[in-house]
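See below for the structure under consideration.
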Amino acid sequence: ERFSETKTGALIVLERNTNLSEIVRTGTPVNSAVNLEVLGTIFYEGTPLHDGAAIIENGRIKAAGCVLPLSNNLDLGKDMGIAENSDAIAIVVSEETGIISMAKNGVLMRHFDRQTLYTRLVDEMIPKETASEKSAAEGWKARGKRLLNWVNNKEEDEQQ
């Protein structure tokens, strides 16, 4: 959101299941926590790393100034092949317009605001429970409630 307000161009790639070590090698190692100050320094115009992508892996900035594979998809943008060739998610902030976009599976979605981007990233990045995991959790929850009711009833019986 801050980059959008200041029209600071940014290209942030979030690694998911596909290993991006080949892309990381094209940049400069950073190994930093993800925070506005570090990202702001990376993408500040005129700094050596600002023209490349920052790669985030397991909640850390692994490298910056990375070169992404090219795409032939004109709707996606020439340097967004990463979103076609892997399951990574790329977040782009345009330095011309400040528009926030997200690329995934070869598709570029534009005009995100902070909340919409947050919601989409939570949905994409946090693993979902499978139906069997959910039913198992519900089963344990129900057992816990029955046990708690039994204990409470037992205490009431003892007090009488």
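Letters A, B, ... go to the chains of the structure tokens in the order shown; residues in each chain start at 1; ligands are counted from 1 in the same order.
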Do a neighbour search on A:Met125 at 9 Å with only C-alpha atoms, toss out local chain neighbours closer than 4 positions, and write the hits as an mmCIF file with N, CA, C and O atoms, in the first residue's frame.
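Heads up, here's the output in selection_11.cif:
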```cif
data_model
loop_
_atom_site.group_PDB
_atom_site.id
_atom_site.type_symbol
_atom_site.label_atom_id
_atom_site.label_comp_id
_atom_site.auth_asym_id
_atom_site.auth_seq_id
_atom_site.Cartn_x
_atom_site.Cartn_y
_atom_site.Cartn_z
ATOM 1 N N LEU A 14 6.558 -14.549 -4.148
ATOM 2 C CA LEU A 14 6.370 -15.415 -2.988
ATOM 3 C C LEU A 14 6.496 -16.869 -3.432
ATOM 4 O O LEU A 14 5.700 -17.351 -4.239
ATOM 5 N N ARG A 16 6.136 -20.767 -3.258
ATOM 6 C CA ARG A 16 5.201 -21.710 -2.637
ATOM 7 C C ARG A 16 5.838 -23.090 -2.705
ATOM 8 O O ARG A 16 6.845 -23.306 -2.048
ATOM 9 N N ARG A 120 -6.580 -12.228 -0.443
ATOM 10 C CA ARG A 120 -6.166 -13.155 -1.505
ATOM 11 C C ARG A 120 -4.890 -13.894 -1.100
ATOM 12 O O ARG A 120 -4.777 -15.101 -1.318
ATOM 13 N N LEU A 121 -3.929 -13.185 -0.504
ATOM 14 C CA LEU A 121 -2.675 -13.838 -0.106
ATOM 15 C C LEU A 121 -2.900 -14.849 1.014
ATOM 16 O O LEU A 121 -2.301 -15.925 1.006
#
```
In chain A, DSSP helix (DSSP H, G or I) residues written as a ChimeraX atom specification: /A:2-6,21-24,36-43,82-85,114-125,131-159
Nearest to A:Ser71, chosen from A:Glu124, A:His50, A:Gly106, A:Glu37, with only C-alpha atoms counted in the distances: A:Gly106
Contacts of stretch 83-88 of chain A within 9 Å, only C-alpha atoms, excl. fewer than 5 positions in-chain, as JSON, numbers by chain: {"A": [13, 14, 15, 16, 17, 18, 19, 20, 69, 71, 76, 103, 104, 105, 106, 107, 108]}
Would you mind exporting N, CA and C atoms of the selected residues as a PDB file, in the first residue's frame?
```
ATOM      1  N   VAL A  13       8.149 -11.704  -5.264  1.00  0.00           N
ATOM      2  CA  VAL A  13       7.740 -13.061  -5.625  1.00  0.00           C
ATOM      3  C   VAL A  13       7.696 -13.899  -4.354  1.00  0.00           C
ATOM      4  N   LEU A  14       6.558 -14.549  -4.148  1.00  0.00           N
ATOM      5  CA  LEU A  14       6.370 -15.415  -2.988  1.00  0.00           C
ATOM      6  C   LEU A  14       6.496 -16.869  -3.432  1.00  0.00           C
ATOM      7  N   GLU A  15       7.510 -17.535  -2.917  1.00  0.00           N
ATOM      8  CA  GLU A  15       7.710 -18.942  -3.248  1.00  0.00           C
ATOM      9  C   GLU A  15       6.653 -19.776  -2.541  1.00  0.00           C
ATOM     10  N   ARG A  16       6.136 -20.767  -3.258  1.00  0.00           N
ATOM     11  CA  ARG A  16       5.201 -21.710  -2.637  1.00  0.00           C
ATOM     12  C   ARG A  16       5.838 -23.090  -2.705  1.00  0.00           C
ATOM     13  N   ASN A  17       5.320 -24.004  -3.509  1.00  0.00           N
ATOM     14  CA  ASN A  17       5.876 -25.363  -3.564  1.00  0.00           C
ATOM     15  C   ASN A  17       7.059 -25.480  -4.528  1.00  0.00           C
ATOM     16  N   THR A  18       7.015 -24.757  -5.632  1.00  0.00           N
ATOM     17  CA  THR A  18       8.106 -24.827  -6.613  1.00  0.00           C
ATOM     18  C   THR A  18       9.343 -24.126  -6.062  1.00  0.00           C
ATOM     19  N   ASN A  19      10.456 -24.836  -6.045  1.00  0.00           N
ATOM     20  CA  ASN A  19      11.700 -24.269  -5.546  1.00  0.00           C
ATOM     21  C   ASN A  19      12.213 -23.197  -6.514  1.00  0.00           C
ATOM     22  N   LEU A  20      12.535 -22.027  -5.981  1.00  0.00           N
ATOM     23  CA  LEU A  20      12.995 -20.906  -6.810  1.00  0.00           C
ATOM     24  C   LEU A  20      14.491 -20.629  -6.648  1.00  0.00           C
ATOM     25  N   PRO A  69      12.218 -15.160 -15.272  1.00  0.00           N
ATOM     26  CA  PRO A  69      12.098 -15.672 -16.645  1.00  0.00           C
ATOM     27  C   PRO A  69      11.119 -14.820 -17.450  1.00  0.00           C
ATOM     28  N   SER A  71       8.215 -13.898 -20.299  1.00  0.00           N
ATOM     29  CA  SER A  71       6.953 -14.459 -20.734  1.00  0.00           C
ATOM     30  C   SER A  71       6.643 -13.964 -22.138  1.00  0.00           C
ATOM     31  N   LEU A  76       0.358 -10.622 -19.522  1.00  0.00           N
ATOM     32  CA  LEU A  76       1.049 -10.821 -18.250  1.00  0.00           C
ATOM     33  C   LEU A  76       2.187  -9.835 -18.049  1.00  0.00           C
ATOM     34  N   ALA A 103       0.157 -11.702  -9.940  1.00  0.00           N
ATOM     35  CA  ALA A 103       0.217 -12.684 -11.020  1.00  0.00           C
ATOM     36  C   ALA A 103       0.295 -14.076 -10.416  1.00  0.00           C
ATOM     37  N   LYS A 104      -0.537 -14.963 -10.978  1.00  0.00           N
ATOM     38  CA  LYS A 104      -0.578 -16.343 -10.498  1.00  0.00           C
ATOM     39  C   LYS A 104      -1.043 -17.224 -11.644  1.00  0.00           C
ATOM     40  N   ASN A 105      -0.356 -18.336 -11.846  1.00  0.00           N
ATOM     41  CA  ASN A 105      -0.733 -19.295 -12.893  1.00  0.00           C
ATOM     42  C   ASN A 105      -0.892 -18.647 -14.260  1.00  0.00           C
ATOM     43  N   GLY A 106      -0.037 -17.703 -14.581  1.00  0.00           N
ATOM     44  CA  GLY A 106      -0.076 -17.078 -15.891  1.00  0.00           C
ATOM     45  C   GLY A 106      -1.161 -16.029 -16.065  1.00  0.00           C
ATOM     46  N   VAL A 107      -1.805 -15.623 -14.975  1.00  0.00           N
ATOM     47  CA  VAL A 107      -2.871 -14.627 -15.051  1.00  0.00           C
ATOM     48  C   VAL A 107      -2.498 -13.431 -14.179  1.00  0.00           C
ATOM     49  N   LEU A 108      -2.662 -12.223 -14.743  1.00  0.00           N
ATOM     50  CA  LEU A 108      -2.389 -10.997 -13.999  1.00  0.00           C
ATOM     51  C   LEU A 108      -3.715 -10.382 -13.574  1.00  0.00           C
TER      52      LEU A 108
END
```
A:Ile42, A:Arg146, A:Val34, A:Arg110 ranked by distance to A:Ser94, top pick (using only C-alpha atoms): A:Arg110
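Straight-line separation from atom CA of A:Ala64 to atom CA of A:Ile82: 14.8 Å.
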A:Lys7 surroundings by only C-alpha atoms, 9 Å radius, close-in-sequence under 3 positions cut, as JSON, numbers by chain: {"A": [2, 3, 4, 93, 94, 95, 96, 97, 98, 99]}
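If only C-alpha atoms are the atoms counted, then among A:Thr47, A:Thr116, A:Ser21, A:Ser101 the closest residue to A:Ala63 is A:Ser21.
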Interatomic distance, atom CA of A:Glu57 to atom CA of A:Val30 (Å, one decimal): 11.4 Å
Minimum-distance residue to A:Val38, chosen among A:Arg25, A:Lys128, A:Arg143, A:Lys62 (using only C-alpha atoms): A:Lys62
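Within stretch 61-143 of chain A, residues classed as strand (DSSP E or B) by DSSP on backbone coordinates are Ile61, Lys62, Ala63, Ala64, Gly65, Cys66, Ile89, Ala90, Ile91, Val92, Val93, Ile100, Ser101, Met102, Ala103, Lys104, Val107, Leu108, Met109, Arg110, His111 and Phe112 of chain A.
You can rank A:Leu39, A:Leu49, A:Leu70, A:Val122 by their closest distance to A:Ile89 using only C-alpha atoms, and at the top of that list sits A:Val122.
Pairwise distance (atom CA of A:Ile61, atom CA of A:Met80) equals 18.7 Å.
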Minimum-distance residue to A:Leu68, chosen among A:Ile100, A:Leu117, A:Ala142, A:Asp51 (using only C-alpha atoms): A:Asp51
